[in-house]
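Chemist: Before I ask anything, here is the structure I am working with.
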Amino acid sequence: MTFNLLAQRPGSFESLYEIGYQGAVIGASVAGGLAMGAGGNLLYDLFKVVYRRVTGGNEEANPASVQELEAERGGDIAALIEAVEPAVRLGHNVINHGVMNINLSVQAAAPAPIVQFNPQTKQYMWESVINNDIRMKLFSMASFNANQGTGRAFDLEEGRSVPFELGPDVDRLSVDTLLGSISSYTRRKRLGDDLRSAVAVMYTSVEAADGRIKKIRILAARNEIQDFERR
């Protein structure tokens, strides 16, 4: 995939880019999606999800195309988020230094930007607080990369997903519980099964300066919070 600079507005940071890619990189379904317009294709939806997760933005219901991709290749999306994070952080350098907002938009889509860089997202990107207090909460597991021991968990209280990593001492029952949650989540989303995917998680966290959780470390998982009392 390549990004080509087409034009810049004189005296402004506003620029116009085009994206060149091979269909095989993302999948044949993308080619059909692009033919129908930027607003309804996987590439546009993926950009929106990745940038909003990186900058801590409110996460709307994921488009079906991204849900399918995440169910099948959730590790790839997590790797993409990790790959773009350093550049997005550097992209905030000019915020509060002559520039207050940077909008990333798609010309053919709705006028609302995919994401906006602003003082709030800069603070989220640059400031982190390690919170080693052990807490318990219900999460639904959305994806898991067994090789890296990482994934994403949906916070039922906040209505958004957060990245997680497994702690070094996670036991077998915890792994089984997390896999059961992912299985139930996938069967509910793909097959319409009426299954409960929420599980109780014991965790510590990395947080933004305003207290929003940026990442959790899972220490243990059980079907119910009461089950931790029987450990």
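Each chain in the structure tokens gets a letter, A, B, ..., in the order shown, and its residues are numbered from 1; ligands are numbered from 1 in order too.
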If you run DSSP on the backbone here, which positions in segment 30-225 of chain A get strand (DSSP E or B)? Please write them as number ranges by chain.

Modeler: A: 95, 99, 102-104, 115-117, 128-145, 150-155, 160-166, 198-208, 213-222

Chemist: Residues near Leu178 of chain A, anyone? I mean within 9 Å using only C-alpha atoms, not counting same-chain ones fewer than 4 positions away, as a ChimeraX atom specification.

Modeler: /A:140-141,144,173-174,182-183,199,221-223

Chemist: Pick the closest to Pro168 of chain A from A:Gly180, A:Gly149, A:Gly211, A:Pro119: which is it, counting only C-alpha atoms?

Modeler: A:Gly149

Chemist: So that I can check the secondary structure, give me every residue of segment 45-102 of chain A assigned helix (DSSP H, G or I) by backbone DSSP, as a PyMOL selection string.

Modeler: chain A and resi 45-55+64-91

Chemist: Go through A:Val201, A:Ile213, A:Ala208, A:Ala87 and flag the residue nearest Gln123 of chain A, using only C-alpha atoms for the distances.

Modeler: A:Ala208

Chemist: Find the residue from A:Leu80, A:Val66, A:Met125, A:Leu43 that sits nearest to His92 of chain A; use only C-alpha atoms when measuring.

Modeler: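 Once distances to His92 of chain A are computed over only C-alpha atoms, the minimum belongs to A:Met125.
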
Chemist: How many Å lie between atom CA of Val50 of chain A and atom CA of Asp133 of chain A, rounded to one decimal?

Modeler: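 These atoms are spaced 28.4 Å apart.
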
Chemist: If we count only C-alpha atoms, what is near Val129 of chain A at a cut-off of 7 Å, once residues fewer than 6 positions away on the same chain are taken out, given as a list in words?

Modeler: Val206, Glu207, Ala208 and Ala209 of chain A

Chemist: Provide the atom CA of Ser197 of chain A to atom CA of Arg172 of chain A distance in Å, to one decimal place.

Modeler: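 Pair atom CA of Ser197 of chain A / atom CA of Arg172 of chain A returns 18.3 Å.
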
Chemist: Find the residue from A:Arg89, A:Lys48, A:His97, A:Lys137 that sits nearest to Pro63 of chain A; use only C-alpha atoms when measuring.

Modeler: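 For Pro63 of chain A, the nearest of the given residues is A:Lys48.
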
Chemist: With only C-alpha atoms as the basis for distance, which of A:Pro113, A:Gly192, A:Pro163, A:Gly151 is at the shortest distance from Phe47 of chain A?

Modeler: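 Going through A:Pro113, A:Gly192, A:Pro163, A:Gly151 one by one, the smallest distance to Phe47 of chain A is for A:Pro113.
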
Chemist: For a test of reading the model, state the distance in Å between atom CA of Val170 of chain A and atom CA of Glu157 of chain A, rounded to one decimal.

Modeler: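 Spanning atom CA of Val170 of chain A to atom CA of Glu157 of chain A is a straight-line distance of 23.9 Å.
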
Chemist: Fewer than 5 positions away in the same chain doesn't count, so skip those; otherwise give me all residues within 8 Å of Phe154 of chain A, counting only C-alpha atoms, as a list in words.

Modeler: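 So the residues in contact are Phe139, Ser140, Met141, Ala142, Gly159, Arg160, Ser161 and Val162 of chain A.
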
Chemist: Mind writing the picked residues with N, CA and C atoms as a PDB file, in the first residue's frame?

Modeler:
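The resulting file, part_20.pdb, is shown below:
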ATOM      1  N   PHE A 139     -15.924  -8.340  31.188  1.00  0.00           N
ATOM      2  CA  PHE A 139     -15.528  -8.020  29.825  1.00  0.00           C
ATOM      3  C   PHE A 139     -16.028  -9.134  28.898  1.00  0.00           C
ATOM      4  N   SER A 140     -16.179  -8.791  27.632  1.00  0.00           N
ATOM      5  CA  SER A 140     -16.439  -9.785  26.593  1.00  0.00           C
ATOM      6  C   SER A 140     -15.228  -9.810  25.674  1.00  0.00           C
ATOM      7  N   MET A 141     -14.630 -10.981  25.487  1.00  0.00           N
ATOM      8  CA  MET A 141     -13.417 -11.076  24.675  1.00  0.00           C
ATOM      9  C   MET A 141     -13.778 -11.006  23.188  1.00  0.00           C
ATOM     10  N   ALA A 142     -13.167 -10.052  22.485  1.00  0.00           N
ATOM     11  CA  ALA A 142     -13.476  -9.861  21.067  1.00  0.00           C
ATOM     12  C   ALA A 142     -12.459 -10.523  20.151  1.00  0.00           C
ATOM     13  N   GLY A 159     -18.742   0.582  27.112  1.00  0.00           N
ATOM     14  CA  GLY A 159     -19.202   0.409  25.737  1.00  0.00           C
ATOM     15  C   GLY A 159     -18.124   0.572  24.696  1.00  0.00           C
ATOM     16  N   ARG A 160     -16.899   0.160  25.002  1.00  0.00           N
ATOM     17  CA  ARG A 160     -15.802   0.246  24.035  1.00  0.00           C
ATOM     18  C   ARG A 160     -14.822  -0.892  24.294  1.00  0.00           C
ATOM     19  N   SER A 161     -14.028  -1.203  23.292  1.00  0.00           N
ATOM     20  CA  SER A 161     -13.053  -2.269  23.451  1.00  0.00           C
ATOM     21  C   SER A 161     -11.694  -1.687  23.823  1.00  0.00           C
ATOM     22  N   VAL A 162     -10.937  -2.456  24.576  1.00  0.00           N
ATOM     23  CA  VAL A 162      -9.593  -2.045  24.990  1.00  0.00           C
ATOM     24  C   VAL A 162      -8.633  -3.196  24.719  1.00  0.00           C
TER      25      VAL A 162
END
